[in-house]
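Student: Below is the file coords_36.txt, which contains compact mmCIF, C-alpha atoms and all ligand atoms.
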# COMPACT_ATOMS: atom_id res chain seq x y z
CA MET A 1 74.67 43.53 -4.29
CA ILE A 2 70.95 43.60 -5.04
CA ARG A 3 71.13 39.98 -6.10
CA ARG A 4 72.92 39.13 -2.83
CA VAL A 5 70.25 40.84 -0.72
CA ALA A 6 67.55 39.03 -2.65
CA THR A 7 69.27 35.69 -1.99
CA LEU A 8 69.58 36.50 1.70
CA LEU A 9 65.91 37.47 1.88
CA ALA A 10 64.90 34.25 0.15
CA ALA A 11 67.02 32.23 2.60
CA ALA A 12 65.44 34.05 5.55
CA ALA A 13 61.95 33.40 4.18
CA ALA A 14 62.78 29.72 3.81
CA LEU A 15 63.98 29.59 7.44
CA VAL A 16 60.79 31.25 8.67
CA ALA A 17 58.74 28.76 6.67
CA LEU A 18 60.69 25.90 8.23
CA SER A 19 60.31 27.11 11.80
CA ALA A 20 56.66 28.18 11.55
CA PRO A 21 54.12 25.65 12.82
CA SER A 22 52.92 23.68 9.85
CA ALA A 23 49.26 23.98 8.98
CA GLU A 24 49.31 20.26 8.34
CA VAL A 25 50.35 19.53 11.93
CA ASP A 26 47.72 21.92 13.29
CA ALA A 27 45.04 20.25 11.23
CA ALA A 28 46.18 16.72 12.06
CA PRO A 29 43.12 14.51 12.49
CA ARG A 30 42.29 13.45 16.03
CA CYS A 31 40.71 10.25 17.26
CA GLN A 32 37.00 10.47 17.81
CA PRO A 33 35.38 8.12 20.34
CA GLN A 34 32.49 6.02 19.12
CA ARG A 35 30.65 2.87 20.18
CA PRO A 36 30.14 -0.30 18.13
CA GLN A 37 26.95 -0.14 16.03
CA GLY A 38 24.28 -2.29 17.67
CA PHE A 39 22.94 -4.01 14.56
CA LEU A 40 26.44 -5.37 13.82
CA VAL A 41 26.91 -6.92 17.26
CA ARG A 42 26.77 -10.74 17.04
CA SER A 43 24.17 -11.13 19.79
CA PHE A 44 21.78 -8.95 17.75
CA PHE A 45 21.53 -11.57 15.00
CA ILE A 46 22.57 -14.75 16.85
CA ARG A 47 21.12 -15.59 20.22
CA LYS A 48 21.83 -18.89 22.00
CA GLY A 49 23.07 -20.32 18.72
CA ARG A 50 19.95 -19.34 16.72
CA MET A 51 20.32 -16.99 13.80
CA ASP A 52 17.77 -14.35 12.81
CA PRO A 53 18.18 -14.48 9.00
CA ARG A 54 16.86 -10.98 8.34
CA ARG A 55 19.10 -9.34 10.92
CA HIS A 56 22.03 -11.44 9.82
CA GLU A 57 21.61 -10.38 6.21
CA GLN A 58 21.45 -6.74 7.27
CA ALA A 59 24.83 -7.14 9.03
CA VAL A 60 26.37 -9.07 6.11
CA ARG A 61 25.21 -6.38 3.71
CA TYR A 62 26.72 -3.54 5.74
CA ARG A 63 30.05 -5.37 6.07
CA THR A 64 30.07 -6.25 2.38
CA GLU A 65 29.32 -2.70 1.27
CA HIS A 66 31.96 -1.20 3.56
CA TYR A 67 34.73 -3.79 3.52
CA GLY A 68 34.32 -6.09 0.51
CA ARG A 69 32.51 -9.26 -0.48
CA VAL A 70 33.45 -12.64 0.94
CA GLU A 71 32.89 -15.46 -1.55
CA GLY A 72 29.61 -17.24 -0.82
CA PHE A 73 28.09 -14.37 1.17
CA GLY A 74 25.99 -11.44 0.02
CA SER A 75 25.51 -10.14 -3.48
CA PRO A 76 28.27 -9.11 -5.91
CA SER A 77 26.15 -6.03 -6.60
CA TRP A 78 26.88 -4.85 -3.03
CA ASN A 79 30.63 -4.88 -3.60
CA ALA A 80 32.68 -6.25 -6.47
CA HIS A 81 35.94 -6.50 -4.48
CA GLU A 82 37.18 -9.03 -1.97
CA PRO A 83 38.11 -7.63 1.46
CA ARG A 84 41.67 -8.87 0.85
CA THR A 85 42.03 -6.20 -1.84
CA PHE A 86 42.14 -3.69 1.00
CA ALA A 87 44.52 -5.55 3.30
CA GLN A 88 47.16 -3.47 5.04
CA THR A 89 49.97 -4.53 7.34
CA THR A 90 50.17 -2.40 10.45
CA THR A 91 51.63 -2.76 13.92
CA PHE A 92 50.07 -2.87 17.36
CA PHE A 93 52.47 -2.52 20.29
CA GLY A 94 55.32 -3.37 17.92
CA LEU A 95 53.72 -6.56 16.55
CA LYS A 96 52.79 -6.85 12.89
CA VAL A 97 49.22 -7.63 11.94
CA GLU A 98 47.25 -7.54 8.69
CA LEU A 99 43.88 -5.78 8.77
CA HIS A 100 41.46 -3.98 6.48
CA GLN A 101 42.90 -0.56 5.70
CA LYS A 102 39.75 1.18 6.99
CA VAL A 103 40.32 -0.27 10.46
CA VAL A 104 44.01 0.60 10.75
CA PRO A 105 43.43 4.22 11.97
CA ALA A 106 41.02 2.96 14.66
CA LEU A 107 43.62 0.52 15.97
CA ALA A 108 46.22 3.30 16.06
CA CYS A 109 43.78 5.34 18.18
CA VAL A 110 43.37 2.41 20.56
CA GLU A 111 47.12 2.00 20.98
CA ARG A 112 47.67 5.70 21.58
CA GLU A 113 44.93 5.82 24.23
CA ILE A 114 46.11 2.64 25.98
CA ARG A 115 49.65 3.99 26.18
CA ALA A 116 48.32 7.24 27.66
CA LYS A 117 45.74 5.87 30.10
CA CYS A 118 46.25 2.21 31.02
CA LYS A 119 48.65 1.77 33.91
CA GLU A 120 48.43 -2.01 34.46
CA PRO A 121 51.30 -3.66 32.56
CA TYR A 122 50.41 -5.93 29.64
CA SER A 123 52.52 -6.80 26.59
CA PRO A 124 50.85 -8.58 23.66
CA LYS A 125 52.89 -11.46 22.26
CA ALA A 126 50.70 -12.79 19.41
CA LEU A 127 48.20 -11.09 17.10
CA SER A 128 45.92 -12.43 14.40
CA GLY A 129 43.93 -10.27 11.98
CA PHE A 130 42.91 -11.16 8.41
CA ARG A 131 42.07 -14.80 7.89
CA ASP A 132 41.32 -16.87 4.80
CA HIS A 133 38.95 -19.49 6.16
CA ASN A 134 35.65 -19.16 7.94
CA SER A 135 35.90 -20.45 11.50
CA TYR A 136 32.11 -20.22 12.02
CA ARG A 137 29.56 -22.78 10.97
CA GLY A 138 25.81 -22.50 10.42
CA GLY A 139 25.87 -19.72 7.84
CA GLU A 140 27.65 -17.24 10.08
CA ILE A 141 30.71 -15.38 8.91
CA THR A 142 33.71 -14.40 11.00
CA ASN A 143 34.81 -10.79 10.92
CA HIS A 144 38.37 -12.03 10.44
CA LEU A 145 37.39 -12.65 6.79
CA PHE A 146 36.54 -8.97 6.40
CA GLY A 147 39.82 -7.98 8.06
CA ILE A 148 38.01 -6.07 10.80
CA ALA A 149 38.71 -8.50 13.69
CA LEU A 150 41.79 -8.81 15.85
CA ASP A 151 42.75 -11.62 18.25
CA ILE A 152 45.21 -10.85 21.02
CA ASP A 153 47.16 -13.63 22.75
CA PRO A 154 44.86 -16.69 22.42
CA ASP A 155 46.94 -18.54 25.02
CA ARG A 156 46.22 -15.90 27.66
CA ASN A 157 42.73 -14.78 26.64
CA PRO A 158 40.62 -17.89 25.93
CA CYS A 159 37.43 -18.34 23.90
CA CYS A 160 35.49 -20.30 26.50
CA HIS A 161 32.56 -21.43 24.35
CA CYS A 162 34.39 -22.02 21.10
CA VAL A 163 35.65 -25.46 20.18
CA GLU A 164 37.80 -27.52 22.55
CA PRO A 165 40.33 -27.29 24.09
CA TRP A 166 39.32 -23.74 24.98
CA SER A 167 36.43 -24.84 27.20
CA GLU A 168 38.89 -26.87 29.32
CA ASP A 169 41.13 -23.85 29.88
CA PRO A 170 41.48 -23.18 33.63
CA GLN A 171 40.42 -19.57 33.04
CA CYS A 172 37.15 -20.90 31.57
CA GLN A 173 36.57 -23.38 34.42
CA LYS A 174 36.80 -20.91 37.27
CA LYS A 175 33.74 -19.23 38.74
CA VAL A 176 33.66 -15.55 37.84
CA LYS A 177 31.37 -12.57 38.15
CA SER A 178 32.03 -11.45 34.58
CA ALA A 179 34.00 -12.43 31.48
CA TYR A 180 36.56 -9.74 32.27
CA GLU A 181 38.01 -12.12 34.86
CA ARG A 182 38.62 -14.78 32.21
CA ALA A 183 40.96 -12.57 30.22
CA ALA A 184 44.56 -11.84 31.16
CA MET A 185 44.20 -8.56 29.30
CA PRO A 186 43.49 -5.63 31.63
CA ARG A 187 39.96 -4.23 31.77
CA CYS A 188 41.38 -0.82 30.82
CA TRP A 189 42.49 -2.27 27.47
CA ILE A 190 39.09 -3.78 26.77
CA ASP A 191 37.30 -0.55 27.67
CA THR A 192 39.63 1.44 25.41
CA PHE A 193 38.83 -0.79 22.43
CA ASP A 194 35.14 -0.37 23.22
CA ARG A 195 35.41 3.43 23.28
CA ASN A 196 36.97 3.34 19.82
CA GLY A 197 34.27 1.35 18.03
CA PHE A 198 35.58 -2.16 18.69
CA TYR A 199 33.26 -4.78 20.14
CA TRP A 200 34.80 -7.25 22.59
CA LEU A 201 33.47 -10.76 21.97
CA GLY A 202 34.01 -11.56 25.64
CA HIS A 203 30.54 -10.00 26.11
CA ASP A 204 29.04 -12.59 23.75
CA ASP A 205 27.71 -16.10 24.54
CA LEU A 206 31.02 -17.33 23.11
CA GLU A 207 33.06 -15.52 25.78
CA ASP A 208 35.77 -15.06 23.17
CA THR A 209 38.05 -12.89 25.27
CA MET A 210 40.94 -12.59 22.78
CA HIS A 211 38.70 -11.13 20.05
CA PHE A 212 37.87 -7.52 19.14
CA GLU A 213 35.99 -6.47 16.01
CA PHE A 214 35.58 -3.00 14.63
CA LEU A 215 31.84 -2.32 14.41
CA GLY A 216 32.01 1.45 14.45
CA LYS A 217 31.80 3.72 11.42
CA PRO A 218 35.15 3.89 9.60
CA ALA A 219 34.45 7.45 8.42
CA LYS A 220 33.99 8.60 12.03
CA VAL A 221 37.32 7.32 13.42
CA LEU A 222 39.14 10.62 12.87
CA ARG A 223 37.82 14.17 12.98
ZN ZN V 301 38.91 -13.78 16.61
Take the structure I supplied and represent it as structure tokens, if you would.
Tutor:
Amino acid sequence: MIRRVATLLAAAAALVALSAPSAEVDAAPRCQPQRPQGFLVRSFFIRKGRMDPRRHEQAVRYRTEHYGRVEGFGSPSWNAHEPRTFAQTTTFFGLKVELHQKVVPALACVEREIRAKCKEPYSPKALSGFRDHNSYRGGEITNHLFGIALDIDPDRNPCCHCVEPWSEDPQCQKKVKSAYERAAMPRCWIDTFDRNGFYWLGHDDLEDTMHFEFLGKPAKVLR
């Protein structure tokens, strides 16, 4: 009898444990808004096509130390690993994309906030994250090589001052008040990326409206 009571008590305790709110859920990390860091923004080290070598090196060093070293850039003493070592496949609105693992939580925050706040309909069809070749010339380095950049729908969100045929895109030809009008992506989406540490390259001389890069602090994404 005593053994039976003990078993019943144990079962009841297990049930209580199951139904009680889990401490893990209560302590689940939440997204913390942050802005891109100014010294990492492209226009800080490249203006009208001219590079400031000192500022550029400062940005390369930060990215190398935090995300890995791209062959041919920076010092191996800053980071011994390639960014690819930290590649992670994630999804954004159901589409797969490969990014640096430190950026994945930030993108999840963006998606959650867009779903909650952005009313204008938009469905991404094509994403591009990690890349193996440098699309920039002149000593510059694309953030796609660090795995911290994401392109969304190049056929709907052009890069107006990249190589042709982008510049001939009708969205690049039309007269606009701001680059927001060149992108098919809603302004609410762009602003949400910005609030979560991603810089939109539509603001840049390039008017690359498909491109977001995480320039926030990875350690500050969640609190
Ligand atoms: Zn891009």
Student: For atom CA of Gln173 of chain A and atom CA of Ala126 of chain A, determine how far apart the two atoms are, in Å to one decimal place.
Tutor: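 One can read the atom CA of Gln173 of chain A to atom CA of Ala126 of chain A distance as 23.2 Å.
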Student: Determine the nearest neighbour of Glu120 of chain A from the options A:Ile141, A:Pro186, A:Ser167, A:Ala108, counting all atoms listed in the file.
Tutor: A:Pro186
Student: Counting all atoms listed in the file, what are the residues, protein, DNA or RNA alike, that approach ligand ZN 301 (chain V) to within 7 Å? I want them as a PyMOL selection string.
Tutor: chain A and resi 144+149-151+210-212
Student: A:Arg61, A:Lys217, A:Arg50, A:Lys125: which is nearest Pro105 of chain A, counting only C-alpha atoms?
Tutor: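 Smallest distance to Pro105 of chain A is found for A:Lys217.
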Student: Which residues are close to Ala183 of chain A, i.e. within 7 Å by only C-alpha atoms, leaving aside same-chain residues fewer than 3 positions away? Reply as a list in words.
Tutor: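 Selected residues are Arg156, Asn157, Pro158, Tyr180 and Thr209 of chain A.
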Student: Could you please take those selected residues and save C-alpha atoms as a PDB file, keeping the file's coordinate frame?
Tutor:
ATOM      1  CA  ARG A 156      46.220 -15.900  27.660  1.00  0.00           C
ATOM      2  CA  ASN A 157      42.730 -14.780  26.640  1.00  0.00           C
ATOM      3  CA  PRO A 158      40.620 -17.890  25.930  1.00  0.00           C
ATOM      4  CA  TYR A 180      36.560  -9.740  32.270  1.00  0.00           C
ATOM      5  CA  THR A 209      38.050 -12.890  25.270  1.00  0.00           C
TER       6      THR A 209
END
Student: Extract, using only C-alpha atoms, all DNA, RNA and protein residues at most 10 Å from segment 89-92 of chain A, discarding same-chain residues fewer than 6 positions from it, and format them as a PyMOL selection string.
Tutor: chain A and resi 98-101+104-105+107-108+110-112+124+127+129-130
Student: Using only C-alpha atoms, find the one residue out of A:Asp132, A:Asp194, A:Asp204, A:Glu181 that sits nearest to Glu71 of chain A.
Tutor: A:Asp132
Student: Which one of A:His81, A:Arg69, A:Arg47, A:His203 sits closest to Leu145 of chain A if you count all atoms listed in the file?
Tutor: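 Checking each of A:His81, A:Arg69, A:Arg47, A:His203 against Leu145 of chain A, counting all atoms listed in the file, the winner is A:Arg69.
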Student: What is the distance, in Å and to one decimal place, between atom CA of Glu57 of chain A and atom CA of Gly74 of chain A?
Tutor: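 Computing the Euclidean distance for atom CA of Glu57 of chain A and atom CA of Gly74 of chain A yields 7.7 Å.
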Student: Using only C-alpha atoms, pick whichever of A:Asn79, A:Ser178, A:Asn143, A:Gln34 has the shortest atom-to-atom distance to Ala106 of chain A.
Tutor: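 Between A:Asn79, A:Ser178, A:Asn143, A:Gln34, the residue approaching Ala106 of chain A most closely is A:Gln34.
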Student: Quick one: distance from atom CA of Tyr122 of chain A to atom CA of Gly94 of chain A in Å, one decimal?
Tutor: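 Separation between atom CA of Tyr122 of chain A and atom CA of Gly94 of chain A: 13.0 Å.
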Student: For a quick check of understanding, using only C-alpha atoms, which of A:Cys159, A:Ala184, A:Val97, A:Leu206 has the smallest distance to Lys48 of chain A?
Tutor: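 Ranked by minimum distance to Lys48 of chain A, first place goes to A:Leu206.
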Student: Set the distance at 9 Å and use only C-alpha atoms: which residues neighbour Cys118 of chain A once local chain neighbours fewer than 6 positions away are removed? I'd like the list as JSON, numbers by chain.
Tutor: {"A": [186, 188, 189, 192]}
